[in-house]
$ cat final.cif   # mmCIF, C-alpha atoms
data_start
loop_
_atom_site.label_atom_id
_atom_site.label_comp_id
_atom_site.auth_asym_id
_atom_site.auth_seq_id
_atom_site.Cartn_x
_atom_site.Cartn_y
_atom_site.Cartn_z
CA MET A 1 54.31 2.38 -24.89
CA SER A 2 56.59 -0.64 -25.45
CA GLU A 3 57.59 -1.82 -28.93
CA LEU A 4 55.50 -4.96 -28.46
CA SER A 5 52.45 -2.92 -27.48
CA LYS A 6 52.85 -0.69 -30.51
CA LEU A 7 53.12 -3.65 -32.85
CA THR A 8 50.15 -5.37 -31.20
CA GLU A 9 48.02 -2.24 -31.61
CA LEU A 10 48.96 -1.92 -35.30
CA PHE A 11 48.19 -5.60 -35.82
CA ASN A 12 44.79 -5.38 -34.11
CA GLN A 13 43.93 -2.33 -36.24
CA ASN A 14 44.85 -4.29 -39.41
CA LYS A 15 47.56 -1.73 -40.20
CA ILE A 16 50.19 -4.47 -40.51
CA SER A 17 49.77 -8.03 -41.69
CA ARG A 18 50.18 -11.13 -39.54
CA ARG A 19 53.41 -11.89 -41.40
CA GLN A 20 54.77 -8.37 -40.76
CA PHE A 21 53.80 -8.66 -37.09
CA ILE A 22 55.56 -12.00 -36.63
CA THR A 23 58.64 -10.85 -38.56
CA GLN A 24 59.04 -7.66 -36.48
CA VAL A 25 58.50 -9.24 -33.07
CA SER A 26 60.93 -12.03 -34.04
CA ALA A 27 63.53 -9.47 -35.08
CA LEU A 28 63.15 -7.77 -31.71
CA GLY A 29 63.39 -11.07 -29.85
CA LEU A 30 59.87 -10.63 -28.49
CA ALA A 31 58.09 -13.59 -30.08
CA VAL A 32 57.81 -15.58 -26.86
CA ALA A 33 56.13 -12.63 -25.15
CA VAL A 34 53.20 -12.70 -27.57
CA SER A 35 50.08 -14.45 -26.33
CA PRO A 36 49.27 -17.48 -28.53
CA ALA A 37 45.60 -16.50 -28.14
CA LEU A 38 46.29 -13.23 -29.92
CA LEU A 39 47.52 -14.88 -33.09
CA ALA A 40 45.18 -17.87 -32.90
CA GLY A 41 42.09 -15.73 -32.32
CA THR A 42 42.92 -13.39 -35.15
CA ALA A 43 43.67 -16.26 -37.49
CA ARG A 44 40.32 -17.88 -36.76
CA ALA A 45 38.44 -14.64 -37.32
CA SER A 46 40.21 -13.76 -40.56
CA VAL A 47 39.00 -14.77 -43.98
CA PRO A 48 41.90 -16.22 -46.00
CA LYS A 49 43.09 -13.89 -48.73
CA LYS A 50 44.19 -15.33 -52.02
CA GLY A 51 47.36 -14.20 -53.72
CA GLY A 52 51.01 -13.57 -53.06
CA ARG A 53 54.10 -15.76 -52.91
CA PHE A 54 54.75 -17.98 -49.89
CA ILE A 55 58.47 -18.58 -49.41
CA ILE A 56 59.52 -21.59 -47.33
CA GLY A 57 62.96 -22.16 -45.85
CA MET A 58 63.43 -25.90 -45.26
CA SER A 59 66.11 -27.85 -43.46
CA GLY A 60 67.49 -30.83 -45.31
CA GLY A 61 67.40 -31.13 -49.05
CA SER A 62 69.96 -32.93 -51.18
CA THR A 63 71.00 -32.94 -54.81
CA THR A 64 70.04 -36.63 -54.84
CA ASP A 65 66.42 -35.87 -53.87
CA SER A 66 63.70 -37.16 -56.16
CA MET A 67 59.97 -36.58 -56.57
CA ASP A 68 59.43 -40.34 -56.76
CA PRO A 69 56.88 -40.83 -53.92
CA GLY A 70 58.71 -43.91 -52.66
CA THR A 71 61.94 -42.01 -52.06
CA LEU A 72 60.80 -38.93 -50.17
CA VAL A 73 63.65 -38.85 -47.67
CA SER A 74 64.26 -35.15 -47.01
CA ASN A 75 62.09 -32.47 -45.43
CA MET A 76 62.28 -30.54 -48.67
CA ASN A 77 60.95 -33.10 -51.13
CA GLN A 78 58.32 -34.23 -48.63
CA ASN A 79 57.08 -30.65 -48.33
CA VAL A 80 57.03 -30.13 -52.10
CA SER A 81 55.18 -33.41 -52.59
CA TRP A 82 52.39 -32.23 -50.26
CA GLN A 83 52.01 -29.10 -52.37
CA ILE A 84 51.45 -30.97 -55.63
CA ARG A 85 49.78 -34.27 -54.72
CA ASN A 86 46.98 -35.83 -52.68
CA CYS A 87 46.36 -39.16 -50.95
CA LEU A 88 43.19 -41.21 -50.82
CA VAL A 89 42.81 -40.19 -47.18
CA GLU A 90 43.76 -37.04 -45.29
CA ILE A 91 44.74 -36.98 -41.61
CA ASP A 92 43.36 -33.81 -40.04
CA HIS A 93 44.77 -31.70 -37.19
CA GLU A 94 43.01 -33.89 -34.62
CA PHE A 95 44.44 -37.09 -36.14
CA ASN A 96 41.15 -38.14 -37.68
CA THR A 97 40.86 -39.75 -41.10
CA ILE A 98 38.85 -37.63 -43.52
CA PRO A 99 38.10 -38.16 -47.22
CA GLU A 100 40.54 -36.78 -49.77
CA LEU A 101 40.75 -38.42 -53.21
CA ALA A 102 38.53 -41.15 -51.81
CA GLU A 103 35.13 -39.72 -50.97
CA SER A 104 34.32 -42.68 -48.68
CA TRP A 105 35.44 -46.16 -47.65
CA ASP A 106 34.16 -49.20 -45.81
CA SER A 107 35.28 -52.71 -44.92
CA THR A 108 34.06 -56.19 -44.34
CA PRO A 109 33.34 -57.01 -40.64
CA ASP A 110 36.75 -58.65 -40.26
CA ALA A 111 38.50 -55.57 -41.74
CA LYS A 112 40.30 -57.75 -44.30
CA VAL A 113 38.69 -56.23 -47.40
CA TRP A 114 38.53 -52.46 -47.82
CA THR A 115 36.59 -50.66 -50.56
CA PHE A 116 37.42 -47.05 -51.44
CA LYS A 117 35.04 -45.00 -53.56
CA LEU A 118 36.88 -42.34 -55.54
CA ARG A 119 35.89 -38.77 -56.24
CA LYS A 120 34.70 -38.24 -59.78
CA GLY A 121 36.04 -35.54 -62.07
CA VAL A 122 39.37 -34.97 -60.30
CA GLU A 123 42.06 -34.00 -62.83
CA PHE A 124 45.82 -34.40 -62.75
CA HIS A 125 47.92 -31.38 -63.68
CA ASN A 126 48.35 -32.80 -67.19
CA GLY A 127 44.58 -32.85 -67.76
CA LYS A 128 44.09 -36.59 -67.28
CA THR A 129 41.05 -37.55 -65.17
CA MET A 130 41.92 -39.70 -62.14
CA THR A 131 40.48 -43.22 -62.10
CA SER A 132 40.95 -46.47 -60.23
CA GLU A 133 43.74 -47.37 -62.68
CA ASP A 134 45.86 -44.51 -61.29
CA VAL A 135 45.22 -45.52 -57.69
CA ILE A 136 46.17 -49.16 -58.31
CA PHE A 137 49.32 -48.11 -60.16
CA SER A 138 50.33 -45.65 -57.43
CA ILE A 139 50.02 -48.18 -54.59
CA ASN A 140 51.61 -51.00 -56.57
CA HIS A 141 54.57 -48.71 -57.25
CA HIS A 142 55.59 -49.29 -53.62
CA LEU A 143 55.02 -53.05 -53.68
CA GLY A 144 57.15 -54.33 -56.57
CA GLU A 145 60.00 -56.75 -55.92
CA LYS A 146 62.57 -54.12 -56.88
CA SER A 147 60.84 -51.33 -54.99
CA LYS A 148 62.97 -49.42 -52.50
CA SER A 149 60.01 -47.46 -51.20
CA ALA A 150 59.98 -46.56 -47.52
CA ALA A 151 56.29 -47.48 -47.54
CA LYS A 152 56.82 -51.05 -48.70
CA GLY A 153 57.03 -52.50 -45.19
CA TYR A 154 53.69 -51.31 -43.91
CA LEU A 155 51.90 -52.26 -47.13
CA LYS A 156 53.01 -55.88 -46.94
CA SER A 157 49.57 -57.01 -45.73
CA ILE A 158 48.06 -56.13 -49.13
CA GLU A 159 47.51 -59.37 -51.05
CA ASN A 160 45.55 -57.95 -53.96
CA ILE A 161 44.26 -54.66 -55.34
CA LYS A 162 41.50 -54.59 -57.92
CA ALA A 163 39.15 -52.12 -59.54
CA ASP A 164 35.37 -52.29 -59.56
CA GLY A 165 34.77 -49.85 -62.39
CA LYS A 166 36.56 -46.52 -62.79
CA HIS A 167 35.73 -45.12 -59.37
CA GLU A 168 36.07 -47.95 -56.89
CA VAL A 169 39.19 -49.73 -55.61
CA ILE A 170 39.19 -52.86 -53.46
CA PHE A 171 42.11 -53.83 -51.21
CA GLU A 172 42.31 -57.44 -50.02
CA LEU A 173 44.54 -57.89 -46.94
CA SER A 174 46.15 -60.94 -45.41
CA GLY A 175 44.66 -60.04 -42.04
CA GLY A 176 42.24 -57.61 -40.48
CA SER A 177 43.45 -54.01 -40.12
CA ALA A 178 41.17 -51.40 -38.58
CA ASP A 179 43.90 -48.80 -39.17
CA PHE A 180 44.14 -49.32 -42.92
CA PRO A 181 42.60 -45.90 -43.78
CA PHE A 182 45.31 -44.22 -41.69
CA ILE A 183 47.96 -45.98 -43.76
CA MET A 184 46.39 -44.59 -46.94
CA GLY A 185 47.07 -41.10 -45.60
CA ASP A 186 50.85 -41.62 -45.44
CA TYR A 187 52.85 -38.99 -47.34
CA HIS A 188 54.48 -41.59 -49.59
CA LEU A 189 51.12 -42.87 -50.84
CA THR A 190 50.10 -39.95 -53.02
CA ILE A 191 48.23 -40.73 -56.23
CA CYS A 192 50.04 -40.18 -59.53
CA PRO A 193 49.11 -40.92 -63.16
CA ALA A 194 49.35 -44.57 -64.18
CA GLY A 195 52.50 -45.32 -66.16
CA THR A 196 54.71 -42.69 -64.53
CA GLU A 197 58.31 -43.91 -64.43
CA GLY A 198 61.93 -42.78 -64.55
CA PRO A 199 62.43 -39.08 -65.30
CA GLU A 200 58.66 -38.55 -65.43
CA TRP A 201 58.56 -38.57 -61.62
CA GLU A 202 60.55 -35.34 -61.55
CA LYS A 203 57.71 -33.48 -63.31
CA GLY A 204 55.68 -33.90 -60.12
CA ILE A 205 52.36 -34.51 -61.86
CA GLY A 206 49.62 -34.86 -59.26
CA THR A 207 46.15 -33.67 -58.30
CA GLY A 208 47.30 -31.14 -55.69
CA GLY A 209 46.67 -27.46 -55.15
CA TYR A 210 49.93 -26.42 -56.80
CA ILE A 211 51.61 -27.28 -60.08
CA LEU A 212 55.35 -27.83 -60.05
CA GLU A 213 57.03 -25.35 -62.40
CA ASN A 214 60.66 -25.78 -61.42
CA TRP A 215 62.49 -28.44 -59.40
CA GLU A 216 66.19 -28.17 -58.50
CA PRO A 217 66.87 -31.02 -56.04
CA GLY A 218 68.41 -29.78 -52.83
CA VAL A 219 68.23 -26.17 -53.97
CA ARG A 220 64.83 -24.77 -54.92
CA ALA A 221 61.32 -25.68 -55.99
CA PHE A 222 58.75 -23.34 -57.46
CA SER A 223 55.06 -24.09 -57.86
CA LYS A 224 51.98 -22.17 -58.96
CA ARG A 225 48.37 -22.49 -57.85
CA ASN A 226 46.37 -25.12 -59.70
CA PRO A 227 43.45 -23.21 -61.29
CA ASN A 228 41.42 -26.45 -61.49
CA TYR A 229 42.00 -27.62 -57.93
CA TRP A 230 39.10 -29.74 -56.77
CA LYS A 231 39.35 -29.00 -53.03
CA ASP A 232 37.43 -25.95 -51.83
CA GLY A 233 39.03 -23.60 -49.31
CA ARG A 234 42.62 -24.63 -50.02
CA ALA A 235 45.58 -23.36 -52.08
CA HIS A 236 45.30 -19.63 -51.34
CA PHE A 237 48.75 -18.52 -52.48
CA ASP A 238 49.45 -17.72 -56.11
CA GLU A 239 52.94 -19.20 -55.83
CA ILE A 240 55.10 -21.18 -53.44
CA GLU A 241 58.87 -21.02 -53.47
CA THR A 242 60.64 -23.68 -51.42
CA LEU A 243 64.31 -23.14 -50.57
CA SER A 244 66.75 -25.57 -49.03
CA ILE A 245 68.51 -23.70 -46.21
CA SER A 246 70.33 -26.30 -44.14
CA ASP A 247 71.92 -23.95 -41.62
CA THR A 248 69.53 -23.08 -38.77
CA ASN A 249 71.03 -19.64 -38.21
CA ALA A 250 70.69 -18.81 -41.89
CA ARG A 251 67.03 -19.87 -41.86
CA THR A 252 66.37 -17.86 -38.71
CA ASN A 253 67.99 -14.73 -40.14
CA ALA A 254 66.08 -15.16 -43.39
CA LEU A 255 62.82 -15.23 -41.42
CA LYS A 256 63.73 -12.21 -39.31
CA THR A 257 64.61 -10.14 -42.36
CA GLY A 258 61.51 -11.15 -44.31
CA GLN A 259 63.37 -13.12 -46.97
CA ILE A 260 61.22 -16.17 -46.20
CA SER A 261 57.68 -16.50 -44.86
CA TYR A 262 58.17 -19.73 -42.90
CA MET A 263 60.95 -21.93 -41.56
CA ASP A 264 61.04 -25.38 -40.01
CA ARG A 265 63.06 -26.81 -37.13
CA VAL A 266 63.76 -23.77 -34.96
CA GLU A 267 66.51 -24.70 -32.51
CA LEU A 268 65.34 -25.08 -28.92
CA LYS A 269 68.27 -23.06 -27.64
CA THR A 270 67.08 -20.15 -29.76
CA VAL A 271 63.59 -20.39 -28.29
CA TYR A 272 64.87 -20.63 -24.72
CA SER A 273 67.36 -17.80 -25.15
CA LYS A 274 64.54 -15.49 -26.22
CA ARG A 275 62.36 -16.74 -23.36
CA SER A 276 65.04 -15.83 -20.84
#

$ encode --input "final.cif" --output "C-alpha cells"
Amino acid sequence: MSELSKLTELFNQNKISRRQFITQVSALGLAVAVSPALLAGTARASVPKKGGRFIIGMSGGSTTDSMDPGTLVSNMNQNVSWQIRNCLVEIDHEFNTIPELAESWDSTPDAKVWTFKLRKGVEFHNGKTMTSEDVIFSINHHLGEKSKSAAKGYLKSIENIKADGKHEVIFELSGGSADFPFIMGDYHLTICPAGTEGPEWEKGIGTGGYILENWEPGVRAFSKRNPNYWKDGRAHFDEIETLSISDTNARTNALKTGQISYMDRVELKTVYSKRS
C-alpha cells in the first residue's frame, strides 16, 4: 500500500485529523495527488469542533501596519481585521450580499437613497451596544477631508448619512447605485465604536468573533474567541495566532512541519513542481 493510500485510509477512519492529513501529504509532496472531492466531501459531512489554536502564516506585514480600518494595506492587518470586526454586509462564497451587522436594507426606486436596518443587541468587545451612531462614525471616518483611507474614492457618491433612531441608517447618494450594498461589504468598512481615534485604533475593538489580545505590527497578532459573539455557527477556534512570515519558503516549511495551520500565497512553481 502506498503512503498516500495509508494516509487516506487513516483519514477516512477518523484516526488522523484533516490538518494532520494535509500536513503529512504536503511533507511527502503528495498534495496534488489528493482528490479535491475527498477533502471537500469530508469537510461538508463533518460537524465543526470548537477549540484549539489556529496558527496563520501570512505574507506581507510591516512594522508600520495599523488597525485603523482606512489603512489596511498588508495581508496581515487585513486578515486580523476580519477576525475582530464585521461590516454591515457580508459577501458570501458565491459573491452574494447577505446581512451581517445590518439585518436588512432597501432603497428608493432610483437607488439614490439606501436604508439599512441594524441588528439589535450586538455588542462591541468593550461591552458597548452597537447603534446607528457607531455606523455613521465608522463610514464618516473614511470621508473626512484629511482622510487617507483607501475606501474614500468609492464612497464619494455619499452626500449625507443620517440616523432614523438607534437602529436605522440612511445613506443619500448623488446618483443611483444598485451596487451600494456590495460596497458596504468592503474590508475597510468595518464598524467600530464611535469616537475611536489615534492609538485607540490599535486596540482593535469591534463586534467580531475574536478579541484582539496582542498586536505587534508586522510580527504577530493574537486573538481569543469572543464569548458574546452574535453570529451563530462561526468562531470555532479558542485562539488565533497570526504570524508575519514574508519568505514563501519559510511559510511552506512551517506548514509542512506543523508549525502553522494555514499559509497564504503558495508559489505556483511549488505547486507545479509537486504536480510534475

$ resolve_selection --input "final.cif" --expression "the PyMOL selection byres ((chain A and resi 191) around 9)" --output "ChimeraX atom specification"
/A:69,85-88,101,130,134-139,189-190,192-194,206-207

$ residues_near_point --input "final.cif" --point "(48.3, -24.4, -51.2)" --cutoff "7 Å" --atoms "all atoms listed in the file" --output "list in words"
Gln83, Gly209, Tyr210, Arg225, Arg234, Ala235, His236 and Phe237 of chain A

$ closest_residue --input "final.cif" --among "A:Arg119, A:Lys231, A:His141, A:Lys162" --to "Trp201 (chain A)" --atoms "all atoms listed in the file"
A:His141

$ atom_distance --input "final.cif" --atom1 "CA of Asp238 (chain A)" --atom2 "CA of Ser261 (chain A)"
14.0 Å

$ residues_around --input "final.cif" --residues "Thr64 (chain A)" --least-positions-apart "4" --cutoff "12 Å" --atoms "all atoms listed in the file" --output "list in words"
Gly60, Asp68, Thr71, Leu72, Val73, Ser74, Met76, Asn77, Glu202, Glu216, Pro217, Gly218 and Val219 of chain A

$ residues_near_point --input "final.cif" --point "(66.7, -22.1, -43.4)" --cutoff "6 Å" --atoms "all atoms listed in the file" --output "PyMOL selection string"
chain A and resi 57-59+245-248+250-251

$ atom_distance --input "final.cif" --atom1 "CA of Gly233 (chain A)" --atom2 "CA of Asn96 (chain A)"
18.7 Å

$ atom_distance --input "final.cif" --atom1 "CA of Ser81 (chain A)" --atom2 "CA of Gly121 (chain A)"
21.5 Å

$ closest_residue --input "final.cif" --among "A:Glu94, A:Glu9, A:Asp65, A:Glu200" --to "Ala221 (chain A)" --atoms "all atoms listed in the file"
A:Asp65

$ resolve_selection --input "final.cif" --expression "the PyMOL selection byres ((chain A and resi 170) around 12)" --output "PDB file with C-alpha atoms, keeping the file's coordinate frame"
ATOM      1  CA  ALA A 102      38.530 -41.150 -51.810  1.00  0.00           C
ATOM      2  CA  TRP A 105      35.440 -46.160 -47.650  1.00  0.00           C
ATOM      3  CA  ASP A 106      34.160 -49.200 -45.810  1.00  0.00           C
ATOM      4  CA  SER A 107      35.280 -52.710 -44.920  1.00  0.00           C
ATOM      5  CA  THR A 108      34.060 -56.190 -44.340  1.00  0.00           C
ATOM      6  CA  LYS A 112      40.300 -57.750 -44.300  1.00  0.00           C
ATOM      7  CA  VAL A 113      38.690 -56.230 -47.400  1.00  0.00           C
ATOM      8  CA  TRP A 114      38.530 -52.460 -47.820  1.00  0.00           C
ATOM      9  CA  THR A 115      36.590 -50.660 -50.560  1.00  0.00           C
ATOM     10  CA  PHE A 116      37.420 -47.050 -51.440  1.00  0.00           C
ATOM     11  CA  LYS A 117      35.040 -45.000 -53.560  1.00  0.00           C
ATOM     12  CA  LEU A 118      36.880 -42.340 -55.540  1.00  0.00           C
ATOM     13  CA  SER A 132      40.950 -46.470 -60.230  1.00  0.00           C
ATOM     14  CA  GLU A 133      43.740 -47.370 -62.680  1.00  0.00           C
ATOM     15  CA  VAL A 135      45.220 -45.520 -57.690  1.00  0.00           C
ATOM     16  CA  ILE A 136      46.170 -49.160 -58.310  1.00  0.00           C
ATOM     17  CA  ILE A 139      50.020 -48.180 -54.590  1.00  0.00           C
ATOM     18  CA  ILE A 158      48.060 -56.130 -49.130  1.00  0.00           C
ATOM     19  CA  GLU A 159      47.510 -59.370 -51.050  1.00  0.00           C
ATOM     20  CA  ASN A 160      45.550 -57.950 -53.960  1.00  0.00           C
ATOM     21  CA  ILE A 161      44.260 -54.660 -55.340  1.00  0.00           C
ATOM     22  CA  LYS A 162      41.500 -54.590 -57.920  1.00  0.00           C
ATOM     23  CA  ALA A 163      39.150 -52.120 -59.540  1.00  0.00           C
ATOM     24  CA  ASP A 164      35.370 -52.290 -59.560  1.00  0.00           C
ATOM     25  CA  GLY A 165      34.770 -49.850 -62.390  1.00  0.00           C
ATOM     26  CA  LYS A 166      36.560 -46.520 -62.790  1.00  0.00           C
ATOM     27  CA  HIS A 167      35.730 -45.120 -59.370  1.00  0.00           C
ATOM     28  CA  GLU A 168      36.070 -47.950 -56.890  1.00  0.00           C
ATOM     29  CA  VAL A 169      39.190 -49.730 -55.610  1.00  0.00           C
ATOM     30  CA  PHE A 171      42.110 -53.830 -51.210  1.00  0.00           C
ATOM     31  CA  GLU A 172      42.310 -57.440 -50.020  1.00  0.00           C
ATOM     32  CA  LEU A 173      44.540 -57.890 -46.940  1.00  0.00           C
TER      33      LEU A 173
END

$ resolve_selection --input "final.cif" --expression "the PyMOL selection byres ((chain A and resi 52) around 10)" --output "PDB file with C-alpha atoms, in the coordinates of the input"
ATOM      1  CA  LYS A  49      43.090 -13.890 -48.730  1.00  0.00           C
ATOM      2  CA  LYS A  50      44.190 -15.330 -52.020  1.00  0.00           C
ATOM      3  CA  GLY A  51      47.360 -14.200 -53.720  1.00  0.00           C
ATOM      4  CA  ARG A  53      54.100 -15.760 -52.910  1.00  0.00           C
ATOM      5  CA  PHE A  54      54.750 -17.980 -49.890  1.00  0.00           C
ATOM      6  CA  ILE A  55      58.470 -18.580 -49.410  1.00  0.00           C
ATOM      7  CA  HIS A 236      45.300 -19.630 -51.340  1.00  0.00           C
ATOM      8  CA  PHE A 237      48.750 -18.520 -52.480  1.00  0.00           C
ATOM      9  CA  ASP A 238      49.450 -17.720 -56.110  1.00  0.00           C
ATOM     10  CA  GLU A 239      52.940 -19.200 -55.830  1.00  0.00           C
ATOM     11  CA  ILE A 240      55.100 -21.180 -53.440  1.00  0.00           C
TER      12      ILE A 240
END

$ closest_residue --input "final.cif" --among "A:Ala151, A:Met67, A:Met184, A:Ile56" --to "Glu100 (chain A)" --atoms "only C-alpha atoms"
A:Met184

$ closest_residue --input "final.cif" --among "A:Glu90, A:Pro99, A:Lys146, A:Leu212" --to "Ile183 (chain A)" --atoms "only C-alpha atoms"
A:Glu90

$ build_atoms --input "final.cif" --residues "region 230-240 of chain A" --atoms "all heavy atoms" --output "JSON list (two decimals), in the coordinates of the input"
[["chain", "number", "residue", "atom", "x", "y", "z"],
["A", 230, "TRP", "N", 40.42, -29.21, -57.11],
["A", 230, "TRP", "CA", 39.10, -29.74, -56.77],
["A", 230, "TRP", "C", 38.69, -29.48, -55.32],
["A", 230, "TRP", "O", 37.52, -29.60, -54.97],
["A", 230, "TRP", "CB", 39.08, -31.25, -57.02],
["A", 230, "TRP", "CG", 40.15, -31.98, -56.24],
["A", 230, "TRP", "CD1", 41.44, -32.19, -56.64],
["A", 230, "TRP", "CD2", 40.03, -32.55, -54.94],
["A", 230, "TRP", "NE1", 42.13, -32.85, -55.66],
["A", 230, "TRP", "CE2", 41.29, -33.10, -54.60],
["A", 230, "TRP", "CE3", 38.98, -32.66, -54.03],
["A", 230, "TRP", "CZ2", 41.52, -33.73, -53.39],
["A", 230, "TRP", "CZ3", 39.22, -33.29, -52.82],
["A", 230, "TRP", "CH2", 40.48, -33.82, -52.52],
["A", 231, "LYS", "N", 39.64, -29.12, -54.47],
["A", 231, "LYS", "CA", 39.35, -29.00, -53.03],
["A", 231, "LYS", "C", 39.05, -27.55, -52.66],
["A", 231, "LYS", "O", 39.90, -26.67, -52.78],
["A", 231, "LYS", "CB", 40.53, -29.53, -52.22],
["A", 231, "LYS", "CG", 40.25, -29.63, -50.73],
["A", 231, "LYS", "CD", 41.47, -30.10, -49.94],
["A", 231, "LYS", "CE", 41.81, -31.54, -50.20],
["A", 231, "LYS", "NZ", 42.86, -32.02, -49.27],
["A", 232, "ASP", "N", 37.84, -27.30, -52.21],
["A", 232, "ASP", "CA", 37.43, -25.95, -51.83],
["A", 232, "ASP", "C", 38.18, -25.48, -50.57],
["A", 232, "ASP", "O", 38.48, -26.27, -49.68],
["A", 232, "ASP", "CB", 35.93, -25.89, -51.56],
["A", 232, "ASP", "CG", 35.10, -26.11, -52.82],
["A", 232, "ASP", "OD1", 35.61, -25.79, -53.91],
["A", 232, "ASP", "OD2", 33.95, -26.58, -52.70],
["A", 233, "GLY", "N", 38.44, -24.19, -50.50],
["A", 233, "GLY", "CA", 39.03, -23.60, -49.31],
["A", 233, "GLY", "C", 40.49, -23.92, -49.09],
["A", 233, "GLY", "O", 41.00, -23.78, -47.98],
["A", 234, "ARG", "N", 41.20, -24.33, -50.12],
["A", 234, "ARG", "CA", 42.62, -24.63, -50.02],
["A", 234, "ARG", "C", 43.37, -23.92, -51.15],
["A", 234, "ARG", "O", 42.79, -23.38, -52.07],
["A", 234, "ARG", "CB", 42.87, -26.14, -50.12],
["A", 234, "ARG", "CG", 42.16, -26.97, -49.07],
["A", 234, "ARG", "CD", 42.77, -26.82, -47.69],
["A", 234, "ARG", "NE", 42.13, -27.68, -46.71],
["A", 234, "ARG", "CZ", 42.56, -28.90, -46.42],
["A", 234, "ARG", "NH1", 43.62, -29.40, -47.02],
["A", 234, "ARG", "NH2", 41.93, -29.62, -45.52],
["A", 235, "ALA", "N", 44.70, -23.93, -51.05],
["A", 235, "ALA", "CA", 45.58, -23.36, -52.08],
["A", 235, "ALA", "C", 45.29, -21.87, -52.29],
["A", 235, "ALA", "O", 44.86, -21.44, -53.36],
["A", 235, "ALA", "CB", 45.44, -24.13, -53.39],
["A", 236, "HIS", "N", 45.58, -21.06, -51.27],
["A", 236, "HIS", "CA", 45.30, -19.63, -51.34],
["A", 236, "HIS", "C", 46.41, -18.82, -51.99],
["A", 236, "HIS", "O", 46.15, -17.76, -52.56],
["A", 236, "HIS", "CB", 45.04, -19.10, -49.93],
["A", 236, "HIS", "CG", 43.84, -19.72, -49.26],
["A", 236, "HIS", "ND1", 42.55, -19.52, -49.71],
["A", 236, "HIS", "CD2", 43.74, -20.56, -48.21],
["A", 236, "HIS", "CE1", 41.71, -20.19, -48.95],
["A", 236, "HIS", "NE2", 42.41, -20.83, -48.02],
["A", 237, "PHE", "N", 47.65, -19.29, -51.90],
["A", 237, "PHE", "CA", 48.75, -18.52, -52.48],
["A", 237, "PHE", "C", 48.77, -18.66, -54.00],
["A", 237, "PHE", "O", 48.38, -19.69, -54.55],
["A", 237, "PHE", "CB", 50.10, -18.99, -51.91],
["A", 237, "PHE", "CG", 50.22, -18.83, -50.43],
["A", 237, "PHE", "CD1", 50.18, -19.93, -49.59],
["A", 237, "PHE", "CD2", 50.36, -17.57, -49.86],
["A", 237, "PHE", "CE1", 50.29, -19.79, -48.22],
["A", 237, "PHE", "CE2", 50.47, -17.41, -48.49],
["A", 237, "PHE", "CZ", 50.43, -18.52, -47.66],
["A", 238, "ASP", "N", 49.25, -17.62, -54.66],
["A", 238, "ASP", "CA", 49.45, -17.72, -56.11],
["A", 238, "ASP", "C", 50.64, -18.61, -56.41],
["A", 238, "ASP", "O", 50.62, -19.37, -57.39],
["A", 238, "ASP", "CB", 49.72, -16.33, -56.71],
["A", 238, "ASP", "CG", 48.48, -15.47, -56.77],
["A", 238, "ASP", "OD1", 47.36, -16.03, -56.81],
["A", 238, "ASP", "OD2", 48.61, -14.23, -56.76],
["A", 239, "GLU", "N", 51.68, -18.49, -55.57],
["A", 239, "GLU", "CA", 52.94, -19.20, -55.83],
["A", 239, "GLU", "C", 53.56, -19.65, -54.52],
["A", 239, "GLU", "O", 53.36, -19.02, -53.47],
["A", 239, "GLU", "CB", 53.95, -18.27, -56.54],
["A", 239, "GLU", "CG", 53.44, -17.64, -57.82],
["A", 239, "GLU", "CD", 54.34, -16.51, -58.30],
["A", 239, "GLU", "OE1", 55.12, -15.97, -57.48],
["A", 239, "GLU", "OE2", 54.24, -16.17, -59.50],
["A", 240, "ILE", "N", 54.30, -20.74, -54.58],
["A", 240, "ILE", "CA", 55.10, -21.18, -53.44],
["A", 240, "ILE", "C", 56.53, -21.41, -53.90],
["A", 240, "ILE", "O", 56.76, -22.13, -54.88],
["A", 240, "ILE", "CB", 54.56, -22.48, -52.81],
["A", 240, "ILE", "CG1", 53.13, -22.28, -52.28],
["A", 240, "ILE", "CG2", 55.47, -22.94, -51.68],
["A", 240, "ILE", "CD1", 52.53, -23.51, -51.65]]
